[in-house]
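**Q** My questions all concern the structure below.
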Amino acid sequence: MIPKLIHELATAGEYPAARELAIAYLRKERDDSVVFLLSMIYTEENKYDKALECLENVIPSQVSNSIRVQMPVQKAKILYYLERAPEAEAILRSLPKKRKKDEAYMVDLGLYMTAQGKLNQTRKLLAPIADTNKRAAFNYGWHLLAEDKFQEGYKYIRRGAEFDLRVWGHEWILKQRYNIGVEYRWKPYEEVDTIAFYLEGGLGDGMIFVRYVEHYKKYCKTVKIFTPKELIPLLGSCGFENLYDHEDIVKTKWDKFVPAMSAPYFLGLNAPSEEVTFPYLKKKSNPVPEMNRVANGKKKICIRWKGSAQFEHEQFRSIPIEKMLGLEKFGQLFSVQLEDSDLPKNANVWDLSPIIKTWNDTYDIFEESDLIITSCTSTAHLAGAMGARVIVLPPMMAYITWETKDLKWYPDNVVVLQQMEYNSWDKTIDKLYEIMENWEW
């Protein structure tokens with residue numbers, strides 16, 4: 001009875017309740033199937049060390065055959081998230097030959113290979129199943145975008161927006177919460193009175209895709225922008241009008257909606273910056289006298305080395321702060337790291353987080369700065385969109401805005417220095433210091 005309830009809670013996404021019930025149950029009963037389930041719960045909660053510990057405590061002879069089949073796949077998944085992709089790949093390659101024909105196996109293997117920079121091998125692996133498997137299609141589209149095949153890549157990326165995959169945008173949220181389905185989605189070249197431009201994804205995605213609002217004004221009288229509330233002050237200061245909180249999409253009138261992360265696909269654009277005027281986030285800035293006082297004539301360099309831990313794959317985007325502290329030789333360092341800061345107390349870095357309350361504050365700081373150096377976070381997109389000079393350090397498996405050949409999402413104010421080695425930032429940081437030695441201020 002209790003194991004069944006734990007399973008039901010986990011299936012419903014009630015992970016904290018499922019976890020606590022499983023732990024309490026295991027204190028009284030030894031049940032390896034529940035230990036395995038607890039491992040999966042910890043994985044969903046991004047607690048990968050605990051997930052691996054649980055999995056390695058499962059005795060294969062004490063669980064069903066279906067669980068035994070899942071165990072190596074689950075271990076590979078955990079190892080991948082623990083930044084041990086070579087081990088994850090090796091586990092999958094060691095499986096019986098008949099399992100290697102399974103499409104789920106190929107998609108997982110492709111993910112672990114991509115993390116290590118084996119892009120050509122992964123593309124060849126996914127291509128034969130990209131038209132029949134949604135997960136494969138989404139990942140394959142990512143590779144096509146990296147090859148500058150913009151519309152073709154987007155065609156496959158769009159599979160990730162479907163309700164049963166939910167890895168691209170928030171159309172599934174519109175359907176689930178508000179019963180707004182594809183029948184209400186704008187069709188290419190359709191002219192209507194009012195378009196609801198719905199910003200999806202994280203805050204960085206909002207800053208990226210709001211660039212396409214101007215494109216849609218030719219197809220309607222009014223564009224209403226539905227955005228995370230955190231972005232409303234910034235967008236308003238930058239001249240965007242008709243701003244609404246996401247929840248207001250069912251409280252105000254509109255004719256058709258545009259899912260922002262797919263806006264360039266529906267517009268038929270062949271490049272991410274086509275007909276985009278930069279900088280498209282521009283406002284009157286307020287001075288930040290604290291920065292000039294602290295810098296005392298030195299160049300002002302803002303740094304951020306990790307993003308929000310709530311996002312999947314965040315561990316790949318985190319750079320050891322110790323490797324960036326030597327940048328002080330080029331100017332005064334200022335930290336704009338808000339979440340989970342592990343800045344050493346004795347570091348010669350001035351912490352600006354106490355004065356950052358809104359994105360307008362971050363904008364003002366960037367306008368005051370001579371350079372921003374950041375990992376792949378929303379701050380990189382703000383800097384790019386406002387025209388600030390920024391060096392972005394994306395991981396080996398980078399976001400679509402950084403993983404391209406010739407098609408650029410931002411102008412030359414953005415320098416992209418991608419991670420050079422799997423699970424190591426050493427060569428990348430060495431290259432960063434080399435760039436800084438020759439930086440033209």
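By convention in this document, the chains of the structure tokens carry letters A, B, ... by their order, each chain's residues are numbered from 1, and ligands are numbered from 1 in the order they are shown.
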What lies within 7 Å of A:Ile429 using only C-alpha atoms, ignoring chain neighbours under 4 positions off, as a PDB file with N, CA and C atoms, in the first residue's frame?

**A**
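What follows is the written file out-v9.pdb:
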```
ATOM      1  N   LYS A 323      39.070  30.598 -10.369  1.00  0.00           N
ATOM      2  CA  LYS A 323      39.755  30.755 -11.653  1.00  0.00           C
ATOM      3  C   LYS A 323      39.573  32.153 -12.243  1.00  0.00           C
ATOM      4  N   TRP A 425      37.472  23.810 -16.988  1.00  0.00           N
ATOM      5  CA  TRP A 425      37.487  25.174 -17.498  1.00  0.00           C
ATOM      6  C   TRP A 425      38.909  25.711 -17.659  1.00  0.00           C
ATOM      7  N   TYR A 433      42.278  34.815 -20.213  1.00  0.00           N
ATOM      8  CA  TYR A 433      43.344  35.706 -19.774  1.00  0.00           C
ATOM      9  C   TYR A 433      44.175  36.190 -20.968  1.00  0.00           C
TER      10      TYR A 433
END
```

**Q** Write down as a count of residues only the residues belonging to stretch 232-383 of chain A that are assigned strand (DSSP E) by DSSP computed on the backbone.

**A** 24

**Q** Calculate how many Å separate atom CA of A:Asp193 from atom CA of A:Glu241, rounding to one decimal.

**A** 15.9 Å

**Q** Determine, counting only C-alpha atoms, which protein, DNA and RNA residues have an atom within 7 Å of an atom of stretch 196-200 of chain A; residues of the same chain fewer than 6 positions away are not included. Present the result as a PDB file with N, CA and C atoms, in the first residue's frame.

**A**
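In the end it all went to out00.pdb:
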```pdb
ATOM      1  N   GLY A 169       9.755  26.162 -24.687  1.00  0.00           N
ATOM      2  CA  GLY A 169       8.669  27.113 -24.514  1.00  0.00           C
ATOM      3  C   GLY A 169       7.639  26.687 -23.489  1.00  0.00           C
ATOM      4  N   HIS A 170       6.508  27.397 -23.522  1.00  0.00           N
ATOM      5  CA  HIS A 170       5.456  27.185 -22.526  1.00  0.00           C
ATOM      6  C   HIS A 170       4.080  27.005 -23.133  1.00  0.00           C
ATOM      7  N   GLY A 206      13.266  35.540 -22.133  1.00  0.00           N
ATOM      8  CA  GLY A 206      12.443  36.725 -22.346  1.00  0.00           C
ATOM      9  C   GLY A 206      13.237  37.854 -22.966  1.00  0.00           C
ATOM     10  N   VAL A 223       0.269  44.926 -30.250  1.00  0.00           N
ATOM     11  CA  VAL A 223       0.932  43.756 -29.680  1.00  0.00           C
ATOM     12  C   VAL A 223       0.916  43.903 -28.170  1.00  0.00           C
ATOM     13  N   LYS A 224       0.333  42.924 -27.498  1.00  0.00           N
ATOM     14  CA  LYS A 224       0.348  42.881 -26.039  1.00  0.00           C
ATOM     15  C   LYS A 224       1.399  41.856 -25.599  1.00  0.00           C
ATOM     16  N   ILE A 225       2.285  42.288 -24.724  1.00  0.00           N
ATOM     17  CA  ILE A 225       3.391  41.430 -24.296  1.00  0.00           C
ATOM     18  C   ILE A 225       3.070  40.834 -22.922  1.00  0.00           C
ATOM     19  N   PHE A 226       3.026  39.530 -22.863  1.00  0.00           N
ATOM     20  CA  PHE A 226       2.783  38.829 -21.603  1.00  0.00           C
ATOM     21  C   PHE A 226       4.117  38.259 -21.119  1.00  0.00           C
ATOM     22  N   THR A 227       4.547  38.708 -19.962  1.00  0.00           N
ATOM     23  CA  THR A 227       5.916  38.512 -19.540  1.00  0.00           C
ATOM     24  C   THR A 227       6.007  38.131 -18.073  1.00  0.00           C
ATOM     25  N   TRP A 254      -7.455  39.575 -26.786  1.00  0.00           N
ATOM     26  CA  TRP A 254      -6.504  39.444 -27.878  1.00  0.00           C
ATOM     27  C   TRP A 254      -7.084  38.461 -28.887  1.00  0.00           C
ATOM     28  N   LYS A 256      -4.911  36.400 -31.446  1.00  0.00           N
ATOM     29  CA  LYS A 256      -4.033  35.247 -31.625  1.00  0.00           C
ATOM     30  C   LYS A 256      -2.785  35.433 -30.766  1.00  0.00           C
ATOM     31  N   PHE A 257      -2.218  34.334 -30.322  1.00  0.00           N
ATOM     32  CA  PHE A 257      -1.006  34.421 -29.503  1.00  0.00           C
ATOM     33  C   PHE A 257       0.203  33.921 -30.293  1.00  0.00           C
ATOM     34  N   VAL A 258       1.364  34.430 -29.913  1.00  0.00           N
ATOM     35  CA  VAL A 258       2.646  33.997 -30.483  1.00  0.00           C
ATOM     36  C   VAL A 258       3.511  33.457 -29.349  1.00  0.00           C
ATOM     37  N   PRO A 259       3.925  32.193 -29.404  1.00  0.00           N
ATOM     38  CA  PRO A 259       4.876  31.675 -28.419  1.00  0.00           C
ATOM     39  C   PRO A 259       6.255  32.238 -28.745  1.00  0.00           C
ATOM     40  N   ALA A 260       6.776  33.097 -27.895  1.00  0.00           N
ATOM     41  CA  ALA A 260       7.935  33.928 -28.244  1.00  0.00           C
ATOM     42  C   ALA A 260       9.161  33.129 -28.655  1.00  0.00           C
ATOM     43  N   MET A 261       9.403  31.990 -28.015  1.00  0.00           N
ATOM     44  CA  MET A 261      10.618  31.239 -28.315  1.00  0.00           C
ATOM     45  C   MET A 261      10.584  30.610 -29.707  1.00  0.00           C
TER      46      MET A 261
END
```

**Q** Just want the 12 Å neighbourhood of A:Glu434, counted on only C-alpha atoms, with same-chain residues fewer than 4 positions away dropped. Output as a PyMOL selection string.

**A** chain A and resi 327+330+417+427-430+438-439

**Q** Could you give me, as a PDB file with N, CA and C atoms, in the first residue's frame, the residues within 9 Å of stretch 265-267 of chain A, counting only C-alpha atoms and dropping anything in the same chain fewer than 5 positions from it?

**A**
```pdb
ATOM      1  N   PHE A 150      18.861  27.415 -39.892  1.00  0.00           N
ATOM      2  CA  PHE A 150      17.965  28.055 -38.933  1.00  0.00           C
ATOM      3  C   PHE A 150      16.536  27.529 -39.012  1.00  0.00           C
ATOM      4  N   GLN A 151      15.910  27.664 -40.147  1.00  0.00           N
ATOM      5  CA  GLN A 151      14.526  27.214 -40.262  1.00  0.00           C
ATOM      6  C   GLN A 151      14.405  25.696 -40.147  1.00  0.00           C
ATOM      7  N   TYR A 154      14.783  24.781 -36.522  1.00  0.00           N
ATOM      8  CA  TYR A 154      13.595  25.156 -35.760  1.00  0.00           C
ATOM      9  C   TYR A 154      12.441  24.189 -35.998  1.00  0.00           C
ATOM     10  N   LYS A 155      12.350  23.659 -37.196  1.00  0.00           N
ATOM     11  CA  LYS A 155      11.275  22.704 -37.497  1.00  0.00           C
ATOM     12  C   LYS A 155      11.340  21.511 -36.543  1.00  0.00           C
ATOM     13  N   ARG A 158      10.835  22.569 -32.677  1.00  0.00           N
ATOM     14  CA  ARG A 158       9.421  22.787 -32.354  1.00  0.00           C
ATOM     15  C   ARG A 158       8.758  21.535 -31.773  1.00  0.00           C
ATOM     16  N   TRP A 186      -1.070  32.188 -33.634  1.00  0.00           N
ATOM     17  CA  TRP A 186      -0.962  32.988 -34.860  1.00  0.00           C
ATOM     18  C   TRP A 186      -0.386  32.162 -35.998  1.00  0.00           C
ATOM     19  N   LYS A 187      -0.947  32.339 -37.187  1.00  0.00           N
ATOM     20  CA  LYS A 187      -0.456  31.660 -38.385  1.00  0.00           C
ATOM     21  C   LYS A 187       0.352  32.649 -39.213  1.00  0.00           C
ATOM     22  N   PRO A 188       1.394  32.194 -39.872  1.00  0.00           N
ATOM     23  CA  PRO A 188       2.244  33.096 -40.659  1.00  0.00           C
ATOM     24  C   PRO A 188       1.453  33.997 -41.604  1.00  0.00           C
ATOM     25  N   TYR A 189       1.773  35.281 -41.553  1.00  0.00           N
ATOM     26  CA  TYR A 189       1.207  36.343 -42.399  1.00  0.00           C
ATOM     27  C   TYR A 189      -0.248  36.677 -42.058  1.00  0.00           C
ATOM     28  N   HIS A 215       8.628  42.872 -35.174  1.00  0.00           N
ATOM     29  CA  HIS A 215       8.292  42.137 -36.402  1.00  0.00           C
ATOM     30  C   HIS A 215       6.787  41.918 -36.527  1.00  0.00           C
ATOM     31  N   TYR A 216       6.134  41.737 -35.393  1.00  0.00           N
ATOM     32  CA  TYR A 216       4.714  41.378 -35.432  1.00  0.00           C
ATOM     33  C   TYR A 216       3.789  42.585 -35.556  1.00  0.00           C
ATOM     34  N   VAL A 258       1.364  34.430 -29.913  1.00  0.00           N
ATOM     35  CA  VAL A 258       2.646  33.997 -30.483  1.00  0.00           C
ATOM     36  C   VAL A 258       3.511  33.457 -29.349  1.00  0.00           C
TER      37      VAL A 258
END
```

**Q** Provide the atom CA of A:Val414 to atom CA of A:Ala383 distance in Å, to one decimal place.

**A**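 Calculated distance between atom CA of A:Val414 and atom CA of A:Ala383 is 8.1 Å.
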